[in-house]
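Below: the structure, in C-alpha cells.
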Amino acid sequence: MSKNLHGKSRTVDAPYHIIVAGDWEWRVLKRYQSPDAERANPYARWFVAVKSPMTYGSWEYGDTYISEIPTASAGMDFTEGVRKENGYTVTTATVTPYSPQIRVRG
C-alpha cells in the first residue's frame, strides 16, 4: 500500500495539481487517501479550489468527488500530466459546455 504524499493542505497558489477544462479550473489542495485507497473507493474525494464562470473570478473551496472532475481519476499520478506551468502539472480537457436538462423517462 502506498503512502499519501498529498495529505497536507496547500494554498491555492501552490496546489498539488491543476486541472483545466474549458472555463473551469480545479486546483487540488489536499488528497484524503493514498492513490491505492482512492482506486478502491468509488466515493474518493479531494479538497479543491475551483474557479468557473459562476464564481466571477473568485476561488470557491470545498471537497469534491474525483469522478466529478473531467480527466481526473482516482489514484492518478500527479507527477505526470499534459504540460508543466509555473512548476505545476496542468491537465487540460476538452468538454462540452454544461447545460442542465430534465429528461423524462416514459
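Order determines the names: the first chain of the C-alpha cells is A, the second B, and so forth; residues in each chain are numbered 1 upward, and ligands are numbered 1 upward as they are shown.
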
### Query
What's the 12 Å shell around A:Thr55, counting only C-alpha atoms, without same-chain residues fewer than 4 positions away, as JSON, numbers by chain?
{"A": [23, 24, 25, 49, 50, 51, 59, 60, 61]}

With C-alpha atoms retained, write the just-selected residues as a PDB file, in the first residue's frame.
```
ATOM      1  CA  ASP A  23     -13.551  27.936 -18.426  1.00  0.00           C
ATOM      2  CA  TRP A  24     -13.262  25.740 -15.335  1.00  0.00           C
ATOM      3  CA  GLU A  25     -10.118  25.241 -13.256  1.00  0.00           C
ATOM      4  CA  ALA A  49     -10.265  25.304  -5.087  1.00  0.00           C
ATOM      5  CA  VAL A  50     -12.380  25.794  -8.205  1.00  0.00           C
ATOM      6  CA  LYS A  51     -12.846  28.775 -10.487  1.00  0.00           C
ATOM      7  CA  TRP A  59     -11.997  30.710  -5.940  1.00  0.00           C
ATOM      8  CA  GLU A  60     -14.506  28.501  -4.150  1.00  0.00           C
ATOM      9  CA  TYR A  61     -13.116  25.896  -1.771  1.00  0.00           C
TER      10      TYR A  61
END
```

### Query
What's the 10 Å shell around A:Asn4, counting only C-alpha atoms, without same-chain residues fewer than 6 positions away, as a list in words?
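Neighbouring residues, sequence-local ones excluded: Lys30, Arg31, Tyr32, Gln33, Ser34, Pro35, Asp36 and Ala37 of chain A.
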
Could you save those same residues with N, CA and C atoms as a tab-separated table (two decimals), in the first residue's frame?
```
chain	number	residue	atom	x	y	z
A	30	LYS	N	-5.56	19.13	-1.40
A	30	LYS	CA	-5.34	18.03	-0.47
A	30	LYS	C	-5.96	16.77	-1.02
A	31	ARG	N	-5.27	15.67	-0.79
A	31	ARG	CA	-5.76	14.35	-1.17
A	31	ARG	C	-5.98	13.58	0.13
A	32	TYR	N	-7.19	13.09	0.34
A	32	TYR	CA	-7.52	12.46	1.62
A	32	TYR	C	-7.01	11.03	1.75
A	33	GLN	N	-6.80	10.34	0.63
A	33	GLN	CA	-6.36	8.95	0.68
A	33	GLN	C	-5.16	8.75	-0.23
A	34	SER	N	-4.47	7.64	-0.01
A	34	SER	CA	-3.37	7.27	-0.89
A	34	SER	C	-3.96	6.90	-2.26
A	35	PRO	N	-3.16	6.94	-3.31
A	35	PRO	CA	-3.66	6.56	-4.63
A	35	PRO	C	-4.29	5.16	-4.66
A	36	ASP	N	-3.69	4.20	-3.96
A	36	ASP	CA	-4.26	2.84	-3.93
A	36	ASP	C	-5.63	2.82	-3.27
A	37	ALA	N	-5.78	3.54	-2.17
A	37	ALA	CA	-7.07	3.59	-1.48
A	37	ALA	C	-8.12	4.31	-2.32
```

### Task
Go ahead and compute the interatomic distance for atom CA of A:Gly62 and atom CA of A:Ile18, in Å to one decimal.
15.0 Å

With only C-alpha atoms as the counted atoms, please give the residues lying no more than 9 Å from A:Pro15, apart from itself and same-chain residues fewer than 2 positions off, as a PDB file with C-alpha atoms, in the first residue's frame.
```
ATOM      1  CA  SER A   9      -3.246  21.057   2.776  1.00  0.00           C
ATOM      2  CA  ARG A  10      -1.706  23.581   0.427  1.00  0.00           C
ATOM      3  CA  THR A  11      -2.722  27.081  -0.630  1.00  0.00           C
ATOM      4  CA  VAL A  12      -4.403  27.918  -3.925  1.00  0.00           C
ATOM      5  CA  ASP A  13      -1.109  29.444  -5.097  1.00  0.00           C
ATOM      6  CA  HIS A  17      -2.197  19.559  -9.276  1.00  0.00           C
ATOM      7  CA  ILE A  18      -4.175  21.808 -11.644  1.00  0.00           C
ATOM      8  CA  ARG A  27      -6.656  23.132  -8.019  1.00  0.00           C
ATOM      9  CA  VAL A  28      -6.081  20.092  -5.840  1.00  0.00           C
ATOM     10  CA  LEU A  29      -5.101  21.321  -2.384  1.00  0.00           C
ATOM     11  CA  LYS A  30      -5.337  18.035  -0.467  1.00  0.00           C
ATOM     12  CA  VAL A  48     -10.029  21.659  -4.138  1.00  0.00           C
ATOM     13  CA  ALA A  49     -10.265  25.304  -5.087  1.00  0.00           C
ATOM     14  CA  TYR A  88       2.794  22.560 -11.581  1.00  0.00           C
TER      15      TYR A  88
END
```
